[in-house]
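To keep things clear, I will list the structure first and then write my remarks on it.
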Amino acid sequence: MPGQAIGIIGWLILGGLAGWLASKIKGTDAQQGVVLNIIVGIIGAVLGGWILGALGVNVEGAGVFFSFLTAIFGAVVLLTILKLIKK
């Protein structure tokens, strides 16, 4: 169990970093806090994995770095969609 907790904490940290980087890219960092960055990063990882999987990219087993890039990509897409909805 301790290994799983460290894994979950690690993914939360990566999700937070991905959400934060995406918010920097989209210029929404001032509007978001740490918790929202983590949420955007986690949802972005799922969204990015789904989009890339639908395009035929093998996202499973590609490593932590590719997963991190996928999370950033998905988070940027998510923030773009949210910005379009708010208009």
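Ordered as shown in the structure tokens, chains take letters A, B, and onward, while each chain numbers its residues from 1 and ligands are numbered from 1 in the order shown.
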
Could you list, as a list in words, every residue within 8 Å of stretch 56-72 of chain A, counting only C-alpha atoms and ignoring same-chain residues fewer than 6 positions away? Leu14, Gly15, Ala18, Gly19, Leu21, Ala22, Gly41, Ile42, Gly44, Ala45, Val46, Leu47, Gly48 and Gly49 of chain A

Write to file, as a CSV table (one decimal), in the first residue's frame, the residues of the selection just made, with N, CA and C atoms.
chain,number,residue,atom,x,y,z
A,14,LEU,N,2.5,15.4,-10.8
A,14,LEU,CA,2.6,15.6,-12.3
A,14,LEU,C,1.4,16.2,-12.9
A,15,GLY,N,0.2,15.9,-12.4
A,15,GLY,CA,-1.0,16.5,-12.8
A,15,GLY,C,-1.0,18.0,-12.5
A,18,ALA,N,1.4,19.6,-14.9
A,18,ALA,CA,0.8,19.7,-16.2
A,18,ALA,C,-0.2,20.8,-16.3
A,19,GLY,N,-1.1,20.9,-15.3
A,19,GLY,CA,-2.2,21.9,-15.3
A,19,GLY,C,-1.6,23.3,-15.2
A,21,LEU,N,1.5,24.2,-16.2
A,21,LEU,CA,2.2,24.6,-17.4
A,21,LEU,C,1.1,24.9,-18.5
A,22,ALA,N,0.0,24.2,-18.5
A,22,ALA,CA,-1.0,24.5,-19.5
A,22,ALA,C,-1.6,25.8,-19.2
A,41,GLY,N,-4.9,19.3,-14.8
A,41,GLY,CA,-3.9,18.4,-15.2
A,41,GLY,C,-4.4,16.9,-15.3
A,42,ILE,N,-5.2,16.5,-14.3
A,42,ILE,CA,-5.7,15.1,-14.3
A,42,ILE,C,-6.7,14.9,-15.4
A,44,GLY,N,-7.0,16.7,-18.0
A,44,GLY,CA,-6.2,16.9,-19.3
A,44,GLY,C,-5.5,15.6,-19.6
A,45,ALA,N,-4.9,14.9,-18.7
A,45,ALA,CA,-4.2,13.6,-18.9
A,45,ALA,C,-5.2,12.6,-19.6
A,46,VAL,N,-6.4,12.5,-19.0
A,46,VAL,CA,-7.4,11.6,-19.5
A,46,VAL,C,-7.8,12.0,-20.9
A,47,LEU,N,-8.1,13.3,-21.1
A,47,LEU,CA,-8.5,13.9,-22.4
A,47,LEU,C,-7.4,13.7,-23.4
A,48,GLY,N,-6.2,14.0,-23.1
A,48,GLY,CA,-5.1,13.9,-24.0
A,48,GLY,C,-4.9,12.4,-24.4
A,49,GLY,N,-5.0,11.5,-23.4
A,49,GLY,CA,-4.8,10.1,-23.7
A,49,GLY,C,-5.9,9.6,-24.6

Just want the 12 Å neighbourhood of A:Ile81, counted on only C-alpha atoms, with same-chain residues fewer than 5 positions away dropped. Output as a list in words.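 Returned residues: Lys26, Val40, Gly44, Leu47, Gly74, Ala75, Val76, Lys86 and Lys87 of chain A.
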
DSSP-assigned helix (DSSP H, G or I) among stretch 21-65 of chain A, expressed as a PyMOL selection string: chain A and resi 21-26+29-31+34-54+64-65

With N, CA and C atoms retained, export the selected residues as a short mmCIF file (atom, residue, chain, number, x, y, z; two decimals), in the first residue's frame.
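Saved result, result18.cif, follows:
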data_model
loop_
_atom_site.label_atom_id
_atom_site.label_comp_id
_atom_site.auth_asym_id
_atom_site.auth_seq_id
_atom_site.Cartn_x
_atom_site.Cartn_y
_atom_site.Cartn_z
N LEU A 21 1.53 24.23 -16.17
CA LEU A 21 2.17 24.58 -17.45
C LEU A 21 1.13 24.92 -18.50
N ALA A 22 0.04 24.16 -18.54
CA ALA A 22 -1.03 24.46 -19.50
C ALA A 22 -1.64 25.83 -19.22
N SER A 23 -1.82 26.16 -17.95
CA SER A 23 -2.39 27.47 -17.62
C SER A 23 -1.42 28.60 -17.96
N LYS A 24 -0.12 28.34 -17.87
CA LYS A 24 0.88 29.33 -18.31
C LYS A 24 0.80 29.50 -19.82
N ILE A 25 0.69 28.40 -20.55
CA ILE A 25 0.61 28.44 -22.01
C ILE A 25 -0.64 29.21 -22.45
N LYS A 26 -1.77 28.96 -21.78
CA LYS A 26 -3.04 29.59 -22.16
C LYS A 26 -3.26 30.95 -21.48
N ASP A 29 -3.14 31.31 -15.66
CA ASP A 29 -2.55 30.94 -14.37
C ASP A 29 -3.01 31.85 -13.24
N ALA A 30 -3.19 33.13 -13.50
CA ALA A 30 -3.60 34.07 -12.46
C ALA A 30 -5.01 33.76 -11.95
N GLN A 31 -5.82 33.09 -12.76
CA GLN A 31 -7.20 32.78 -12.40
C GLN A 31 -7.33 31.45 -11.67
N VAL A 34 -3.75 26.15 -7.02
CA VAL A 34 -3.08 24.85 -7.07
C VAL A 34 -4.07 23.71 -7.30
N VAL A 35 -5.18 23.74 -6.58
CA VAL A 35 -6.16 22.66 -6.69
C VAL A 35 -6.74 22.60 -8.10
N LEU A 36 -7.09 23.74 -8.66
CA LEU A 36 -7.63 23.76 -10.02
C LEU A 36 -6.58 23.31 -11.03
N ASN A 37 -5.31 23.67 -10.83
CA ASN A 37 -4.25 23.20 -11.71
C ASN A 37 -4.16 21.68 -11.68
N ILE A 38 -4.26 21.08 -10.50
CA ILE A 38 -4.21 19.62 -10.37
C ILE A 38 -5.39 18.99 -11.10
N ILE A 39 -6.58 19.55 -10.89
CA ILE A 39 -7.78 19.02 -11.54
C ILE A 39 -7.67 19.12 -13.05
N VAL A 40 -7.24 20.28 -13.55
CA VAL A 40 -7.07 20.48 -15.00
C VAL A 40 -6.03 19.50 -15.54
N GLY A 41 -4.95 19.30 -14.80
CA GLY A 41 -3.91 18.37 -15.24
C GLY A 41 -4.39 16.94 -15.31
N ILE A 42 -5.15 16.51 -14.31
CA ILE A 42 -5.66 15.13 -14.29
C ILE A 42 -6.69 14.92 -15.39
N ILE A 43 -7.64 15.84 -15.51
CA ILE A 43 -8.64 15.72 -16.58
C ILE A 43 -7.95 15.84 -17.93
N GLY A 44 -6.96 16.72 -18.02
CA GLY A 44 -6.20 16.88 -19.26
C GLY A 44 -5.47 15.62 -19.65
N ALA A 45 -4.93 14.90 -18.66
CA ALA A 45 -4.24 13.64 -18.95
C ALA A 45 -5.20 12.62 -19.55
N VAL A 46 -6.40 12.54 -18.98
CA VAL A 46 -7.41 11.61 -19.51
C VAL A 46 -7.84 12.04 -20.91
N LEU A 47 -8.12 13.33 -21.08
CA LEU A 47 -8.54 13.86 -22.37
C LEU A 47 -7.45 13.68 -23.43
N GLY A 48 -6.21 14.01 -23.06
CA GLY A 48 -5.10 13.86 -24.00
C GLY A 48 -4.88 12.41 -24.39
N GLY A 49 -4.97 11.50 -23.42
CA GLY A 49 -4.84 10.07 -23.71
C GLY A 49 -5.94 9.58 -24.63
N TRP A 50 -7.16 10.08 -24.40
CA TRP A 50 -8.29 9.68 -25.25
C TRP A 50 -8.11 10.20 -26.68
N ILE A 51 -7.72 11.48 -26.82
CA ILE A 51 -7.54 12.07 -28.14
C ILE A 51 -6.43 11.36 -28.90
N LEU A 52 -5.27 11.19 -28.26
CA LEU A 52 -4.15 10.54 -28.94
C LEU A 52 -4.46 9.08 -29.26
N GLY A 53 -5.17 8.40 -28.35
CA GLY A 53 -5.58 7.02 -28.61
C GLY A 53 -6.52 6.93 -29.81
N ALA A 54 -7.44 7.90 -29.92
CA ALA A 54 -8.37 7.94 -31.05
C ALA A 54 -7.64 8.20 -32.37
N VAL A 64 6.84 7.82 -18.45
CA VAL A 64 6.36 8.96 -17.65
C VAL A 64 6.46 10.27 -18.43
N PHE A 65 7.56 10.46 -19.16
CA PHE A 65 7.75 11.72 -19.89
C PHE A 65 6.66 11.90 -20.95
#

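Among the candidate residues A:Ile13, A:Val77, A:Trp20, A:Leu82, the one lying nearest to A:Gln32 is A:Trp20, with distances computed using only C-alpha atoms.
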